[in-house]
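To be precise, the following lines are structure_32.cif, and they hold mmCIF, C-alpha atoms and all ligand atoms.
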data_coords
#
loop_
_atom_site.label_atom_id
_atom_site.label_comp_id
_atom_site.auth_asym_id
_atom_site.auth_seq_id
_atom_site.Cartn_x
_atom_site.Cartn_y
_atom_site.Cartn_z
CA MET G 2 139.08 67.80 22.94
CA ASN G 3 136.53 65.58 21.28
CA LEU G 4 132.89 66.24 22.33
CA TRP G 5 134.11 68.30 25.31
CA HIS G 6 132.62 71.56 26.48
CA PRO G 7 133.01 73.61 29.68
CA VAL G 8 130.24 73.81 32.24
CA GLU G 9 128.15 77.01 32.22
CA GLN G 10 129.02 79.49 34.98
CA SER G 11 125.37 79.47 36.12
CA VAL G 12 125.70 75.81 37.25
CA TRP G 13 128.09 76.37 40.17
CA GLN G 14 126.09 78.84 42.24
CA GLY G 15 124.57 78.93 45.71
CA ARG G 16 123.97 80.90 48.88
CA ASP G 17 126.83 83.16 49.88
CA ASP G 18 127.40 83.09 53.66
CA SER G 19 131.04 84.22 53.44
CA GLY G 20 130.19 87.56 55.10
CA GLU G 21 129.50 85.63 58.34
CA ALA G 22 132.95 84.05 58.63
CA ALA G 23 135.89 83.15 56.40
CA ASN G 24 135.03 79.45 56.71
CA ALA G 25 131.28 79.75 56.06
CA LEU G 26 131.77 78.25 52.61
CA ARG G 27 129.85 75.99 50.28
CA VAL G 28 131.08 73.64 47.58
CA PHE G 29 130.55 76.15 44.74
CA GLN G 30 133.00 78.49 46.51
CA THR G 31 135.82 75.99 47.13
CA LEU G 32 135.73 73.96 43.91
CA THR G 33 138.25 74.92 41.20
CA ASN G 34 136.59 75.88 37.92
CA THR G 35 138.88 77.39 35.30
CA GLY G 36 136.68 76.56 32.30
CA GLU G 37 139.58 74.59 30.81
CA PHE G 38 140.57 70.94 30.54
CA ALA G 39 144.13 71.00 31.93
CA PRO G 40 144.67 67.94 34.14
CA GLN G 41 148.44 68.48 34.42
CA GLN G 42 147.76 71.65 36.42
CA HIS G 43 145.80 69.80 39.12
CA ARG G 44 147.90 66.77 40.03
CA GLY G 45 146.69 64.82 43.04
CA LYS G 46 143.22 66.40 43.00
CA VAL G 47 139.79 65.03 42.06
CA ALA G 48 138.65 65.62 38.47
CA LEU G 49 134.89 66.07 38.15
CA LEU G 50 133.66 65.10 34.68
CA GLY G 51 130.11 64.97 33.32
CA PHE G 52 128.99 62.43 30.72
CA GLU G 53 125.91 63.82 28.98
CA CYS G 54 124.71 60.61 27.39
CA ASP G 55 121.60 58.50 27.41
CA GLU G 56 122.15 56.72 24.12
CA GLY G 57 122.86 53.54 26.11
CA VAL G 58 119.60 53.79 28.03
CA LYS G 59 117.71 54.37 24.78
CA ARG G 60 119.31 51.31 23.18
CA ASN G 61 118.46 49.34 26.32
CA LEU G 62 114.78 50.33 25.92
CA GLY G 63 114.84 52.48 29.05
CA ARG G 64 113.51 55.95 29.84
CA ALA G 65 115.67 58.66 28.24
CA GLY G 66 116.85 61.75 30.14
CA ALA G 67 120.14 60.79 31.84
CA ALA G 68 122.00 63.14 29.47
CA GLN G 69 120.60 65.99 31.59
CA GLY G 70 121.92 64.38 34.80
CA PRO G 71 125.40 65.87 35.24
CA ASP G 72 124.48 69.56 35.51
CA VAL G 73 121.46 68.88 37.74
CA LEU G 74 123.71 66.87 40.09
CA ARG G 75 126.29 69.67 40.07
CA LYS G 76 123.60 72.21 41.01
CA ALA G 77 122.46 70.02 43.91
CA LEU G 78 126.06 69.61 45.13
CA ALA G 79 126.96 73.29 44.64
CA ASN G 80 125.03 74.61 47.65
CA MET G 81 126.17 71.99 50.16
CA ALA G 82 128.58 73.07 52.89
CA SER G 83 132.23 72.69 51.97
CA HIS G 84 134.25 70.59 54.39
CA ALA G 85 137.54 68.72 54.20
CA GLY G 86 138.01 67.10 50.79
CA HIS G 87 135.69 69.40 48.85
CA GLU G 88 138.49 71.85 48.06
CA GLN G 89 140.10 68.98 46.12
CA LEU G 90 137.34 69.02 43.49
CA VAL G 91 138.32 70.41 40.09
CA GLU G 92 135.67 70.99 37.43
CA MET G 93 136.81 69.28 34.23
CA GLY G 94 133.72 69.88 32.09
CA ASN G 95 131.30 67.69 30.17
CA LEU G 96 131.51 65.20 27.31
CA ARG G 97 128.30 65.42 25.29
CA ALA G 98 127.16 62.47 23.19
CA GLN G 99 125.76 63.23 19.78
CA GLN G 100 122.64 61.43 18.66
CA GLU G 101 123.21 57.68 18.22
CA GLN G 102 126.97 58.15 18.67
CA LEU G 103 127.38 56.04 21.79
CA GLU G 104 130.75 54.46 20.97
CA ARG G 105 132.28 57.79 20.03
CA ALA G 106 131.07 59.34 23.29
CA GLN G 107 132.45 56.42 25.32
CA GLN G 108 135.79 56.86 23.58
CA ALA G 109 135.78 60.59 24.41
CA LEU G 110 135.03 59.83 28.06
CA HIS G 111 137.78 57.21 28.09
CA ASP G 112 140.30 59.69 26.68
CA ALA G 113 139.37 62.48 29.11
CA ALA G 114 139.40 60.18 32.16
CA LEU G 115 142.70 58.60 31.04
CA ALA G 116 144.32 62.04 30.68
CA CYS G 117 143.20 62.86 34.24
CA GLN G 118 144.45 59.52 35.61
CA HIS G 119 147.79 60.02 33.82
CA ALA G 120 148.05 63.38 35.62
CA GLN G 121 147.63 61.48 38.91
CA MET G 122 144.14 62.83 39.45
CA ARG G 123 141.34 60.65 40.73
CA THR G 124 138.19 60.85 38.61
CA LEU G 125 134.59 61.43 39.71
CA VAL G 126 132.16 61.11 36.79
CA PHE G 127 128.50 62.07 36.80
CA GLY G 128 126.63 60.04 34.14
CA GLY G 129 124.90 59.42 31.87
CA GLY G 130 123.40 55.96 31.77
CA HIS G 131 125.47 52.97 32.85
CA GLU G 132 127.25 53.05 29.48
CA THR G 133 129.38 55.55 31.44
CA ALA G 134 131.09 52.56 33.09
CA PHE G 135 132.64 51.23 29.89
CA GLY G 136 134.25 54.57 29.01
CA HIS G 137 135.35 55.29 32.57
CA GLY G 138 136.28 51.74 33.63
CA SER G 139 138.35 51.07 30.50
CA ALA G 140 140.28 54.30 31.21
CA VAL G 141 141.12 53.07 34.72
CA LEU G 142 142.25 49.70 33.33
CA ASP G 143 144.35 51.40 30.66
CA ALA G 144 145.90 53.82 33.17
CA PHE G 145 147.21 50.88 35.23
CA PRO G 146 148.03 48.15 32.70
CA HIS G 147 150.24 46.16 35.06
CA GLU G 148 148.10 46.42 38.18
CA ARG G 149 145.14 44.47 39.52
CA VAL G 150 142.05 46.65 39.24
CA GLY G 151 138.96 45.67 41.24
CA ILE G 152 135.62 46.82 39.79
CA ILE G 153 132.82 47.29 42.34
CA ASN G 154 129.32 47.99 41.04
CA LEU G 155 126.50 49.00 43.40
CA ASP G 156 123.49 48.19 41.27
CA ALA G 157 120.16 46.35 41.12
CA HIS G 158 121.38 44.99 37.77
CA LEU G 159 124.35 42.88 36.71
CA ASP G 160 124.70 44.76 33.37
CA LEU G 161 126.40 41.78 31.73
CA ARG G 162 124.03 41.60 28.80
CA HIS G 163 125.14 39.76 25.70
CA ALA G 164 123.89 41.96 22.84
CA PRO G 165 125.11 42.70 19.31
CA TYR G 166 125.54 46.39 20.29
CA ALA G 167 126.69 48.33 23.36
CA SER G 168 124.06 49.78 25.70
CA SER G 169 123.56 50.70 29.36
CA GLY G 170 123.00 46.98 29.98
CA THR G 171 126.37 45.76 28.60
CA PRO G 172 129.22 47.72 30.27
CA PHE G 173 130.61 44.93 32.46
CA ARG G 174 130.59 42.37 29.67
CA GLN G 175 132.48 44.97 27.59
CA LEU G 176 134.96 45.51 30.44
CA ALA G 177 135.38 41.72 30.73
CA LEU G 178 136.20 41.56 26.99
CA HIS G 179 138.55 44.53 27.39
CA CYS G 180 140.40 42.61 30.14
CA GLU G 181 140.45 39.48 27.97
CA ALA G 182 142.00 41.44 25.08
CA GLN G 183 144.70 42.69 27.46
CA GLN G 184 145.21 39.19 28.89
CA ARG G 185 144.42 40.26 32.41
CA ASP G 186 141.94 38.97 34.96
CA PHE G 187 138.49 40.55 35.27
CA HIS G 188 137.69 41.34 38.92
CA TYR G 189 134.03 42.32 39.12
CA CYS G 190 131.89 42.49 42.24
CA CYS G 191 128.22 43.53 42.03
CA ILE G 192 126.49 44.49 45.29
CA GLY G 193 122.72 45.01 45.48
CA ALA G 194 121.62 42.94 42.48
CA SER G 195 117.96 41.96 42.55
CA ARG G 196 117.10 38.41 41.51
CA ALA G 197 113.77 39.76 40.30
CA ALA G 198 115.46 42.29 37.99
CA ASN G 199 117.98 39.97 36.29
CA THR G 200 117.11 36.93 34.19
CA GLN G 201 118.67 33.51 34.82
CA ALA G 202 120.79 34.05 31.69
CA LEU G 203 122.48 37.01 33.42
CA TRP G 204 123.11 35.03 36.62
CA ASP G 205 124.64 32.28 34.46
CA GLU G 206 126.89 34.83 32.74
CA ALA G 207 127.94 36.20 36.15
CA ALA G 208 128.84 32.68 37.28
CA ARG G 209 130.78 31.98 34.04
CA ARG G 210 132.81 35.14 34.55
CA GLU G 211 133.34 34.39 38.27
CA VAL G 212 131.64 37.60 39.33
CA THR G 213 131.11 38.06 43.06
CA VAL G 214 127.46 39.00 43.56
CA ILE G 215 125.81 40.02 46.82
CA GLU G 216 122.05 40.17 46.33
CA ASP G 217 119.91 43.02 47.67
CA LEU G 218 118.28 40.73 50.28
CA SER G 219 121.66 39.64 51.52
CA VAL G 220 122.82 43.26 51.82
CA LEU G 221 119.69 44.11 53.81
CA ASN G 222 119.61 40.99 56.02
CA ALA G 223 123.26 40.05 56.48
CA PHE G 224 125.29 43.21 55.94
CA ASP G 225 128.00 42.53 58.51
CA ALA G 226 128.37 38.86 57.57
CA HIS G 227 128.42 39.26 53.78
CA VAL G 228 129.12 42.82 52.71
CA LEU G 229 131.86 44.04 55.04
CA PRO G 230 134.16 41.03 54.43
CA GLU G 231 133.73 41.41 50.67
CA ILE G 232 134.65 45.10 50.83
CA GLU G 233 137.70 44.19 52.89
CA ARG G 234 138.63 41.42 50.41
CA ASN G 235 138.57 43.92 47.54
CA ILE G 236 140.69 46.41 49.46
CA VAL G 237 143.27 43.77 50.37
CA SER G 238 143.33 41.88 47.04
CA TYR G 239 143.62 44.64 44.43
CA ASP G 240 146.08 47.45 43.70
CA ARG G 241 143.42 49.91 42.52
CA LEU G 242 139.66 50.10 42.86
CA TYR G 243 137.00 51.50 40.56
CA LEU G 244 133.58 52.12 42.15
CA THR G 245 130.54 52.59 39.94
CA ILE G 246 127.21 53.43 41.56
CA ASP G 247 124.03 52.90 39.58
CA LEU G 248 121.54 55.05 41.49
CA ASP G 249 118.80 52.48 40.83
CA VAL G 250 120.41 50.46 43.63
CA LEU G 251 118.59 52.83 46.01
CA PRO G 252 114.93 52.19 46.93
CA GLY G 253 112.56 53.78 44.39
CA GLY G 254 111.16 56.04 47.14
CA GLU G 255 114.61 57.49 47.82
CA MET G 256 115.60 57.53 44.16
CA PRO G 257 112.68 57.87 41.73
CA ALA G 258 114.93 59.69 39.23
CA VAL G 259 116.25 56.68 37.30
CA SER G 260 115.17 54.67 34.29
CA ALA G 261 114.29 51.59 36.38
CA PRO G 262 113.42 52.45 40.02
CA ALA G 263 113.93 49.62 42.51
CA ALA G 264 111.04 47.95 44.29
CA LEU G 265 113.30 47.00 47.22
CA GLY G 266 116.71 48.66 46.98
CA ILE G 267 119.50 49.47 49.43
CA PRO G 268 118.84 52.59 51.53
CA LEU G 269 121.34 55.44 51.32
CA CYS G 270 122.46 55.02 54.94
CA LEU G 271 123.49 51.40 54.24
CA LEU G 272 125.08 52.29 50.90
CA LEU G 273 127.27 54.82 52.68
CA ARG G 274 128.61 52.04 54.92
CA ILE G 275 129.95 50.38 51.76
CA VAL G 276 131.29 53.58 50.24
CA GLU G 277 133.18 54.92 53.28
CA PRO G 278 135.81 52.14 53.65
CA LEU G 279 136.41 52.14 49.90
CA CYS G 280 137.01 55.92 49.92
CA ARG G 281 139.35 55.64 52.89
CA SER G 282 141.27 52.65 51.47
CA GLY G 283 143.85 54.74 49.61
CA LYS G 284 143.21 52.50 46.56
CA LEU G 285 140.04 54.08 45.16
CA GLN G 286 141.06 55.59 41.85
CA ALA G 287 137.74 56.39 40.23
CA VAL G 288 134.04 56.72 41.07
CA ASP G 289 130.96 57.35 38.99
CA LEU G 290 127.30 57.98 39.76
CA VAL G 291 125.12 56.88 36.86
CA GLU G 292 121.54 56.61 35.58
CA PHE G 293 120.37 59.83 37.30
CA ASN G 294 117.45 61.13 35.22
CA PRO G 295 116.05 64.47 36.44
CA ALA G 296 112.90 64.10 34.31
CA PHE G 297 111.60 61.53 36.81
CA ASP G 298 112.66 63.25 40.03
CA ASN G 299 110.24 64.08 42.80
CA ALA G 300 110.71 67.73 43.86
CA GLY G 301 114.51 67.38 43.59
CA GLN G 302 114.74 64.71 46.31
CA GLY G 303 116.60 62.20 44.11
CA ALA G 304 119.10 64.90 43.13
CA ARG G 305 119.65 65.70 46.82
CA ALA G 306 120.25 62.03 47.66
CA ALA G 307 122.71 61.57 44.78
CA ALA G 308 124.49 64.83 45.61
CA ARG G 309 124.82 63.78 49.25
CA LEU G 310 126.45 60.57 48.03
CA ALA G 311 128.90 62.57 45.90
CA TRP G 312 129.48 64.96 48.82
CA GLN G 313 130.37 62.05 51.15
CA ILE G 314 132.67 60.52 48.55
CA ALA G 315 134.66 63.76 48.15
CA HIS G 316 134.75 64.19 51.94
CA TRP G 317 135.93 60.61 52.66
CA TRP G 318 138.29 60.64 49.69
CA GLN G 319 140.48 63.44 51.11
CA GLN G 320 144.16 62.67 51.25
N1 LIG G 401 121.71 49.91 33.26
C1 LIG G 401 120.60 49.37 33.33
N2 LIG G 401 120.43 48.09 33.11
C2 LIG G 401 119.24 47.35 33.33
C3 LIG G 401 117.97 48.07 32.99
C4 LIG G 401 116.79 47.27 33.34
C5 LIG G 401 115.44 47.87 32.99
O1 LIG G 401 115.38 48.85 32.22
O2 LIG G 401 114.44 47.36 33.52
C6 LIG G 401 119.40 46.08 32.54
O3 LIG G 401 119.81 46.13 31.39
O4 LIG G 401 119.11 45.02 33.09
MN MN G 402 123.44 49.53 35.90
MN MN G 403 120.71 49.33 37.48
#
Kindly return the structure encoded in the file as structure tokens.
Amino acid sequence: MNLWHPVEQSVWQGRDDSGEAANALRVFQTLTNTGEFAPQQHRGKVALLGFECDEGVKRNLGRAGAAQGPDVLRKALANMASHAGHEQLVEMGNLRAQQEQLERAQQALHDAALACQHAQMRTLVFGGGHETAFGHGSAVLDAFPHERVGIINLDAHLDLRHAPYASSGTPFRQLALHCEAQQRDFHYCCIGASRAANTQALWDEAARREVTVIEDLSVLNAFDAHVLPEIERNIVSYDRLYLTIDLDVLPGGEMPAVSAPAALGIPLCLLLRIVEPLCRSGKLQAVDLVEFNPAFDNAGQGARAAARLAWQIAHWWQQ
């Protein structure tokens, strides 16, 4: 498959406690890793894909390094205890972007994710910059052409930029145009956006496209009044949900390992209160974690926070 390669065996390793008891297992011991891309053999399970790409971040004038994110996140997840849901994870390998080949890489991610969705797998993608969301989100839309797909973005940024080229700042405008081309409605909700990090032009674009936005301050100060009803509305209103988590939605202290760390941000414990009902809804078809950049991590703490998020998602996503 285009731009695809298997993950090195050295990535999925950890402490072996299995001598203590049969159920003393960690994620690296319960995940399926055949070294092949064969979605039809894993129907109903969770496909883990890596998108080794930071071409979008580079074009968006950010700090490069997200291409190294997927394997570092896998290593952080590998050693965590395996509980219910983690045995559903199937390693599906990485798509690696070639220099300045952003569109080609997004197409390769789209094709891989679509093949997994067609095999009735759910997809969990480790980015990559937020350009991941165009490849992944368009695959979810294409997998369910006659259904209403709700897109939920946890992010300090709206990522609705109007630019002559695709970047990590344009994925939701691209998804809006993709919906337009298919003559379907665009259902986009952004939770955690910072007014200080998005120009008025972006707020105007969000209003034009009828995006539901819950600002960071509102998440922090009125969670029960504003966030929980919006999560419920998405679960009730749409047939399928796609959740994309830009890790720069976390406070910079919890998540330094991104191109644009947040001054305020939504703490992980609050973020998990958004993620849990979505995972348990039975409608969540796809999730990605994006913008993780190990070059700016602080002693691996950002990787641990992101891996815990992925760990919770797999645990709450069990069927
Ligand atoms: N995916 C990131 N998008 C942000 C980056 C902002 C920044 O680099 O400061 C954006 O384009 O607004
Ligand atoms: Mn983003
Ligand atoms: Mn962001």
Next on the checklist: Could you list, as a ChimeraX atom specification, all protein and nucleic acid residues with an atom at most 7 Å from ligand MN 402 (chain G), counting all atoms listed in the file?
Outcome noted: /G:131,156-160,169-170,247
With 8 Å of padding per side, what axis-aligned box (centre and edge lengths, Å, one decimal) covers all the listed atoms of ligand LIG 401 (chain G)? Give it as AutoDock Vina command-line options.
--center_x 118.1 --center_y 47.5 --center_z 32.5 --size_x 23.3 --size_y 20.9 --size_z 18.1
Checklist entry - Excluding same-chain residues fewer than 6 positions from Glu101 (chain G), what lies within 9 Å of it counting only C-alpha atoms, as a list of chain:residue names? => result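 Close residues of Glu101 (chain G): G:Glu56, G:Gly57, G:Arg60.
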Item to check | Nearby residues (all atoms listed in the file) at most 8 Å from region 102-106 of chain G, same-chain spacing under 3 positions excluded, as an NGL selection string | outcome: :G and (4 or 54 or 56-57 or 96-99 or 109-110 or 167)
Checklist entry - Using all atoms listed in the file, which of G:Met256, G:Leu272, G:Ala164, G:Ala198 sits nearest Ala300 (chain G)? => result G:Met256
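Distances to ligand MN 403 (chain G) were evaluated for G:Leu49, G:Ala85, G:Ala202, G:Ala258 using only C-alpha atoms and all ligand atoms, and the minimum falls at G:Ala258.
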Would you kindly place N, CA and C atoms on region 196-219 of chain G and return the model as a short mmCIF file (atom, residue, chain, number, x, y, z; two decimals), in the frame of the given file?
data_model
loop_
_atom_site.label_atom_id
_atom_site.label_comp_id
_atom_site.auth_asym_id
_atom_site.auth_seq_id
_atom_site.Cartn_x
_atom_site.Cartn_y
_atom_site.Cartn_z
N ARG G 196 117.38 39.60 42.31
CA ARG G 196 117.10 38.41 41.51
C ARG G 196 115.90 38.66 40.60
N ALA G 197 114.98 39.48 41.07
CA ALA G 197 113.77 39.76 40.30
C ALA G 197 114.03 40.66 39.09
N ALA G 198 115.18 41.33 39.07
CA ALA G 198 115.46 42.29 37.99
C ALA G 198 116.51 41.78 37.01
N ASN G 199 116.96 40.54 37.18
CA ASN G 199 117.98 39.97 36.29
C ASN G 199 117.57 38.55 35.91
N THR G 200 117.53 38.26 34.63
CA THR G 200 117.11 36.93 34.19
C THR G 200 118.16 35.87 34.56
N GLN G 201 117.74 34.61 34.49
CA GLN G 201 118.67 33.51 34.82
C GLN G 201 119.88 33.55 33.88
N ALA G 202 119.66 33.98 32.64
CA ALA G 202 120.79 34.05 31.69
C ALA G 202 121.88 34.97 32.22
N LEU G 203 121.49 36.07 32.87
CA LEU G 203 122.48 37.01 33.42
C LEU G 203 123.19 36.43 34.64
N TRP G 204 122.45 35.69 35.48
CA TRP G 204 123.11 35.03 36.62
C TRP G 204 124.10 33.98 36.11
N ASP G 205 123.73 33.29 35.04
CA ASP G 205 124.64 32.28 34.46
C ASP G 205 125.91 32.96 33.93
N GLU G 206 125.73 34.10 33.28
CA GLU G 206 126.89 34.83 32.74
C GLU G 206 127.79 35.31 33.89
N ALA G 207 127.15 35.76 34.98
CA ALA G 207 127.94 36.20 36.15
C ALA G 207 128.75 35.02 36.70
N ALA G 208 128.14 33.86 36.75
CA ALA G 208 128.84 32.68 37.28
C ALA G 208 129.99 32.30 36.35
N ARG G 209 129.74 32.32 35.02
CA ARG G 209 130.78 31.98 34.04
C ARG G 209 131.99 32.90 34.18
N ARG G 210 131.72 34.15 34.46
CA ARG G 210 132.81 35.14 34.55
C ARG G 210 133.33 35.30 35.98
N GLU G 211 132.88 34.41 36.87
CA GLU G 211 133.34 34.39 38.27
C GLU G 211 133.15 35.75 38.95
N VAL G 212 131.98 36.32 38.69
CA VAL G 212 131.64 37.60 39.33
C VAL G 212 131.19 37.32 40.76
N THR G 213 131.63 38.15 41.69
CA THR G 213 131.11 38.06 43.06
C THR G 213 129.83 38.89 43.11
N VAL G 214 128.73 38.26 43.49
CA VAL G 214 127.46 39.00 43.56
C VAL G 214 126.90 38.89 44.98
N ILE G 215 126.53 40.02 45.53
CA ILE G 215 125.81 40.02 46.82
C ILE G 215 124.42 40.60 46.54
N GLU G 216 123.41 39.75 46.68
CA GLU G 216 122.05 40.17 46.33
C GLU G 216 121.52 41.21 47.30
N ASP G 217 120.53 41.97 46.84
CA ASP G 217 119.91 43.02 47.67
C ASP G 217 119.44 42.47 49.02
N LEU G 218 118.80 41.30 49.02
CA LEU G 218 118.28 40.73 50.28
C LEU G 218 119.41 40.41 51.24
N SER G 219 120.51 39.96 50.69
CA SER G 219 121.66 39.64 51.52
C SER G 219 122.27 40.91 52.11
#
